[in-house]
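Visitor: I have a structure I would like to understand better, so I am pasting it below and will then ask my questions one at a time.
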Amino acid sequence: MEWNQETLQHLSQCFLHTLSPSPEPRRAAERSLAEMADRPNYGLAVLRLVAEQTIDEQIRHAAAVNFKNHLRFRWAPASDRNSGPTLAPILDAEKDQIKSLIVGLMLTSTPRIQSQLSEALVVVGNHDFPKHWPTLLPELIANLKDAAQSNNYVSINGILGTANSIFKKFRYQFKTNDLLLDLKYCLDNFAAPLLEIFLKTAALIDSTVSSGGPVATLKLLFESQRLCCRIFYSLNFQELPEFFEDHMREWMTEFKKYLTTNYPALESTSDGLGLVDGLRAAVCENISLYMKMNEEEFQGYLNDFALAVWTLLGNVSQSSSRDSLAVTAIKFLTNVSTSVHHTLFAGEGVIPQICQNIVIPNVRLRDEDEELFEMNYVEFIRRDMEGSDVDTRRRIACELLKGIATHYRQHVMETVSVQIQNLLTSFAANPVANWKDKDCAIYLVVSLATKKAGSTSISTDLVDVQSFFTSVIVPELQSPDVNAFPMLKAGALKFFTMFRIQIPKIHAFQFFPDLVRFLGAESNVVHSYAASCIEKLLQVKDEGGKSRYNSADITPYLSVLMTSLFNAFKFPESEENQYIMKCIMRVLGVAEISNEVAAPCISGLTSILNEVCKNPKSPIFNHYLFESVAVLVRRACQRDPSLISAFEASILPSLQIILQNDVTEFLPYAFQLLAQLIELNRPPLSSNYMQIFNLLLSPDSWKRSSNVPALVRLLQAFLQKVPREIAQEGKLREVLGIFNMLVLSPSTDEQGFYVLNTIVESLEYGVIAQFVPHIWGVLFTRLQNKRTVKFVKSLLIFMSLFLVKHGPENLVNTMNAVQSGIILVILEQIWIPNLKLITGAIEWKLTAVASTRLICESPVLLDAAAVRHWGKMLDSIVTLLSRPEEERVEEEPEMPDITENMGYTTAFVNLYNAGKKEEDPLKDIKDPKEFLVASLARISAVSPGRYPQIISENLEPANQSALLQLCSAFNCPIV
């Protein structure tokens with residue numbers, strides 16, 4: 001694209017129209033820009049437009065945004081990009097010109113444009129810096145020095161912000177030689193200028209404060225220091241650099257000053273206070289980093305910083321705007337508490353002071369917490385119940401106590417226990433006014449509880465769980481008004497949920513009706529917690545894995561429980577409440593499903609399904625919805641097969657909507673439910689199903705990789721249920737076409753074998769005989785072109801299944817028909833060396849029996865010319881049968897073939913309750929070990945004296961001993 005006045009005018013008009021509220025000119029402009037973006041020098045032209053001071057700033061800002069996105073998708077070669085559309089990359093000559101212009105333009109732009117160009121520069125830097133952009137850092141440093149001489153802090157902050165973004169990679173990337181070389185380059189060039197500008201700015205802050213200088217100047221200076229601190233964090237993250245160790249005193253002196261000095265001129269306004277707190281939070285992160293990484297070097301400064309942070313925390317208000325500072329400051333104290341310097345907390349009265357002055361104030365509910373509880377229940381639960389509140393004041397304050405308890409557990413527990421009793425006493429004195437004290441007490445018990453390693457059991461030393469439950473929690477559960485003090489109710493339900501294992505069934509289940517009552521609470525959090533509590537109770541298992549609560553326990557409440565759960569969806573904001581739907585799924589998985597319960601449940605679930613089909617937006621809710629349908633269908637129809645037709649009448653119209661409207665998110669679920677319904681039916685299947693079967697054979701149905709596992713599951717169901725119809729209608733050739741397509745790709749070959757195995761299991765040999773040479777041809781071609789461990793194991797399992805279904809003779813003859821003598825090649829290269837890799841109980845048994853039959857029944861293997869193959873095959877069989885899996889299987893995970901996964905999405909989610917039941921094709925054979933020695937005894941009786949010599953020549957000594965032990969155990973000698 002040539003840069004001239006005409007180009008400038010055209011681009012300006014396009015960017016102006018992209019800001020239009022009218023869709024027609026906006027879309028036309030976007031199309032035009034997209035077309036121009038493919039031309040060489042487009043990015044350079046847009047950057048030059050941004051530099052034109054005569055153009056309106058709105059247009060230039062829009063161009064800067066476009067330029068940044070243009071670089072994001074085109075700067076790196078297509079092969080280096082993780083995501084995004086595949087677009088032609090920017091040419092090297094254009095890149096060089098952009099790199100020569102962008103720094104200077106960024107520094108002279110207005111703040112809005114500067115931020116966009118800074119982001120664009122970082123896009124380039126992440127790919128090119130420093131190796132392919134050696135001029136960047138020298139240019140930034142030169143500009144930094146020029147700006148520092150004139151105290152131009154707008155430019156200084158632009159440069160520091162850019163450097164901060166570029167250096168962030170040192171925080172997040174793994175330590176490699178290349179990364180350390182890049183870090184050394186940055187340290188050698190930038191560490192000294194960074195310290196210089198940091199100290200200069202510190203002096204300017206002091207002089208501006210003492211002289212009563214302008215607040216606007218102070219704001220720029222504080223932002224500069226914050227950026228310096230963030231760069232300090234990045235450059236020190238991997239290890240302590242020598243330069244920073246040599247100049248630690250300068251840095252730490254200023255850090256301490258910002259934690260201990262007040263700046264009234266700034267702190268009197270909210271935005272000014274935010275700047276000061278931002279700098280202090282950055283300092284706290286830096287000293288926390290040194291506490292963790294450079295404890296020895298930092299030791300001399302520790303006491304002063306601990307006192308400074310402690311004092312600072314006492315002065316930080318409960319305003320949510322100061323949360324970041326409070327959290328980072330408490331994290332620093334937590335790091336100190338778990339270090340070798342924990343004796344700072346051993347002084348008389350220190351732990352009670354921390355508990356009283358830091359922990360309790362930060363755990364106590366604030367107005368912001370109440371507002372979140374009422375206005376955004378999903379976020380409240382995410383933080384409170386699901387543990388994503390790690391960076392909230394409540395959680396981090398409790399983490400501090402846990403840290404101190406690492407070395408002073410008894411003292412911490414005694415102190416907190418006293419505080420809990422004081423809080424409960426305060427509540428008892430005036431429950432209405434002091435309800436937050438009780439909430440605080442419950443939160444402390446729950447948050448300081450510990451989880452036993454490898455267990456779901458939660459324990460606490462703070463209180464006696466049973467006593468606390470009875471005296472503190474039960475009054476809330478039994479409160480007649482489910483809507484009074486909802487945050488207390490939520491806390492009580494959370495306690496019940498967390499300590500459900502410790503509360504005996506005889507005590508816990510008497511409150512089950514109360515949990516059902518709380519499903520009718522108006523608070524979204526309360527009815528969500530009630531549903532979660534019921535769901536978690538039903539998962540409790542006692543020793544031996546036996547469920548503590550069973551169908552008999554919930555039968556008396558089942559009708560009202562299900563009614564209450566479905567009614568809870570009617571509350572505003574709970575139309576797609578995942579906790580309620582998960583509870584429905586769990587209850588249906590436990591309860592005895594009578595016809596009276598099944599009918600309203602399937603009606604309610606399909607009604608919800610029809611609604612969410614219009615706009616799927618909650619993946620977790622949708623998954624539990626489909627699981628609920630699947631478990632209801634499975635358990636109800638197992639109990640009463642007559643329900644199948646009624647369920648089909650409800651479910652099939654919804655599934656047809658999904659198929660007809662191509663609801664992408666739901667297609668894998670729909671295919672799995674259809675497979676489940678087909679498996680429950682008795683042939684012949686209705687025309688509705690056979691229409692779906694025809695749809696299944698269309699190549700278009702298989703284009704989305706996310707649909708493939710579910711489509712295979714559905715195809716298997718048809719093959720198992722109506723094999724005769726498929727054979728008679730000539731559809732088998734099309735089914736094999738699907739197998740052919742799947743098995744040739746490493747990303748879907750396993751799915752191809754699922755289809756093939758089901759064909760062999762379900763169809764008579766006479767039906768498939770004409771296709772068998774083609775099948776072997778496809779498999780051998782794939783084996784030759786792309787052999788992987790996964791494919792080889794799948795092939796071995798298929799050959800074994802074919803053998804046990806249709807006999808060794810058909811296996812050997814059909815394989816040799818493709819290529820004479822190939823059976824022995826396959827045995828030597830595939831079967832014998834890989835048999836030991838087979839895992840899975842059914843597969844282990846299948847391959848062992850098939851291998852045994854091959855060497856004991858096939859004339860080819862019993863022939864004298866195949867003695868070595870016979871012996872080596874027996875050696876592999878004995879290895880498979882006699883050695884534990886961990887000794888046999890030592891395969892490395894295969895490197896995925898990236899080209900096979902291009903465009904792959906992880907949209908497929910398996911429905912547990914609609915899963916395919918694995919059938920044992922060898923039910924008559926109980927023990928493959930006994931089958932082996934009996935078969936060997938039989939053929940050795942026919943040819944006495946032949947096999948002991950073959951065994952001694954071909955079996956490893958360990959396997960010879962193992963075989964003798966097996967023969968002895970089953971009293972079947974080999975003679």
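Going through the structure tokens in order, the chains are called A, B, and so on, while each chain numbers its residues from 1 and the ligands are numbered from 1 in the order shown.
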Looking only at the backbone, which of the residues in stretch 823-855 of chain A does DSSP tag as alpha helix (DSSP H), as a PyMOL selection string?
Guide: chain A and resi 823-826+832-834+841-855
Visitor: What's around A:Arg517 at 10 Å? Count only C-alpha atoms, leave out sequence neighbours fewer than 5 positions away in its own chain, and write the answer as an NGL selection string.
Guide: :A and (477-478 or 480-482 or 511-512 or 527 or 530 or 560-561 or 564)
Visitor: Pick out each residue of stretch 372-519 of chain A that DSSP on the backbone tags as strand (DSSP E or B); I need them as a list in words.
Guide: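 Strand (DSSP E or B) members of stretch 372-519 of chain A, listed: Thr450, Lys451, Ile458 and Ser459 of chain A.
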Visitor: Please identify all polymer residues within 12 Å of A:Lys68, counting only C-alpha atoms, omitting same-chain residues fewer than 2 positions from it, and present them as a PyMOL selection string.
Guide: chain A and resi 43-44+46-47+50+61-66+70-75+98+102+113-124
Visitor: Ranking A:Arg853, A:His132, A:Lys570, A:Arg31 by minimum distance to A:Asp92 and counting only C-alpha atoms, which one comes first?
Guide: A:His132
Visitor: Which residues are near A:Gln9? Cut-off 12 Å, only C-alpha atoms, ignore same chain within fewer than 4 positions. Put them as number ranges by chain.
Guide: A: 3-5, 13-16, 45-46, 49, 52, 54-55, 59
Visitor: Write the residues you've just listed into a file as a PDB file, in the first residue's frame, and include N, CA and C atoms for each of them.
Guide:
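part_8.pdb written:
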```pdb
ATOM      1  N   TRP A   3       1.907   5.096   0.478  1.00  0.00           N
ATOM      2  CA  TRP A   3       1.492   6.182   1.382  1.00  0.00           C
ATOM      3  C   TRP A   3       1.444   7.501   0.606  1.00  0.00           C
ATOM      4  N   ASN A   4       0.227   8.045   0.458  1.00  0.00           N
ATOM      5  CA  ASN A   4       0.036   9.347  -0.175  1.00  0.00           C
ATOM      6  C   ASN A   4      -1.230   9.977   0.390  1.00  0.00           C
ATOM      7  N   GLN A   5      -1.567  11.153  -0.135  1.00  0.00           N
ATOM      8  CA  GLN A   5      -2.725  11.879   0.387  1.00  0.00           C
ATOM      9  C   GLN A   5      -4.012  11.100   0.183  1.00  0.00           C
ATOM     10  N   GLN A  13     -11.441   8.163   6.345  1.00  0.00           N
ATOM     11  CA  GLN A  13     -12.889   7.963   6.178  1.00  0.00           C
ATOM     12  C   GLN A  13     -13.335   6.608   6.717  1.00  0.00           C
ATOM     13  N   CYS A  14     -12.544   5.584   6.439  1.00  0.00           N
ATOM     14  CA  CYS A  14     -12.905   4.236   6.927  1.00  0.00           C
ATOM     15  C   CYS A  14     -12.943   4.199   8.450  1.00  0.00           C
ATOM     16  N   PHE A  15     -11.912   4.765   9.103  1.00  0.00           N
ATOM     17  CA  PHE A  15     -11.882   4.727  10.569  1.00  0.00           C
ATOM     18  C   PHE A  15     -12.985   5.598  11.170  1.00  0.00           C
ATOM     19  N   LEU A  16     -13.323   6.699  10.463  1.00  0.00           N
ATOM     20  CA  LEU A  16     -14.444   7.526  10.928  1.00  0.00           C
ATOM     21  C   LEU A  16     -15.739   6.723  10.882  1.00  0.00           C
ATOM     22  N   ALA A  45       1.076   2.179   6.970  1.00  0.00           N
ATOM     23  CA  ALA A  45       0.184   3.279   6.580  1.00  0.00           C
ATOM     24  C   ALA A  45      -0.710   3.700   7.745  1.00  0.00           C
ATOM     25  N   VAL A  46      -1.254   2.741   8.470  1.00  0.00           N
ATOM     26  CA  VAL A  46      -2.106   3.061   9.616  1.00  0.00           C
ATOM     27  C   VAL A  46      -1.297   3.785  10.690  1.00  0.00           C
ATOM     28  N   LEU A  49      -0.895   7.302   9.734  1.00  0.00           N
ATOM     29  CA  LEU A  49      -2.143   8.034   9.984  1.00  0.00           C
ATOM     30  C   LEU A  49      -2.223   8.448  11.447  1.00  0.00           C
ATOM     31  N   GLU A  52      -0.416  11.624  12.196  1.00  0.00           N
ATOM     32  CA  GLU A  52      -0.872  12.874  11.574  1.00  0.00           C
ATOM     33  C   GLU A  52      -1.634  13.733  12.579  1.00  0.00           C
ATOM     34  N   THR A  54      -2.953  16.536  12.197  1.00  0.00           N
ATOM     35  CA  THR A  54      -4.082  17.290  11.624  1.00  0.00           C
ATOM     36  C   THR A  54      -5.376  16.487  11.629  1.00  0.00           C
ATOM     37  N   ILE A  55      -5.281  15.180  11.853  1.00  0.00           N
ATOM     38  CA  ILE A  55      -6.462  14.308  11.848  1.00  0.00           C
ATOM     39  C   ILE A  55      -7.096  14.306  13.239  1.00  0.00           C
ATOM     40  N   ILE A  59     -10.393   9.624  15.338  1.00  0.00           N
ATOM     41  CA  ILE A  59     -10.022   8.795  14.186  1.00  0.00           C
ATOM     42  C   ILE A  59      -8.656   8.159  14.421  1.00  0.00           C
TER      43      ILE A  59
END
```
Visitor: At a cut-off of 7 Å, using only C-alpha atoms, what residues contact stretch 782-793 of chain A? Leave out same-chain residues fewer than 4 positions from it and give the result as a compact mmCIF listing (two decimals) with N, CA, C and O atoms, in the first residue's frame.
Guide:
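Here's the written file out_14.txt:
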```txt
# COMPACT_ATOMS: atom_id res chain seq x y z
N LEU A 744 -7.60 -43.41 9.77
CA LEU A 744 -6.42 -42.90 9.08
C LEU A 744 -5.81 -41.69 9.76
O LEU A 744 -4.69 -41.31 9.46
N ASP A 749 -8.10 -42.21 15.40
CA ASP A 749 -7.98 -43.64 15.06
C ASP A 749 -8.63 -44.54 16.11
O ASP A 749 -9.23 -45.57 15.79
N VAL A 778 -6.73 -51.28 4.85
CA VAL A 778 -6.73 -49.94 5.46
C VAL A 778 -5.82 -49.93 6.69
O VAL A 778 -5.00 -49.01 6.88
N ILE A 797 -5.88 -55.31 19.95
CA ILE A 797 -7.18 -55.62 20.56
C ILE A 797 -8.18 -56.03 19.49
O ILE A 797 -8.94 -56.99 19.67
N ILE A 830 4.45 -56.72 15.56
CA ILE A 830 3.37 -56.03 16.28
C ILE A 830 2.89 -56.81 17.50
O ILE A 830 2.96 -56.34 18.64
N ILE A 838 -0.79 -54.12 26.90
CA ILE A 838 -2.25 -54.08 27.02
C ILE A 838 -2.67 -53.88 28.47
O ILE A 838 -2.18 -54.54 29.38
```
Visitor: Residues within 12 Å of A:Phe468, please, as a PyMOL selection string. Count only C-alpha atoms; anything in the same chain fewer than 3 positions from it doesn't count.
Guide: chain A and resi 417+420-421+424+438+441-442+445-446+460-465+471-475+492+495-496+499+502-503
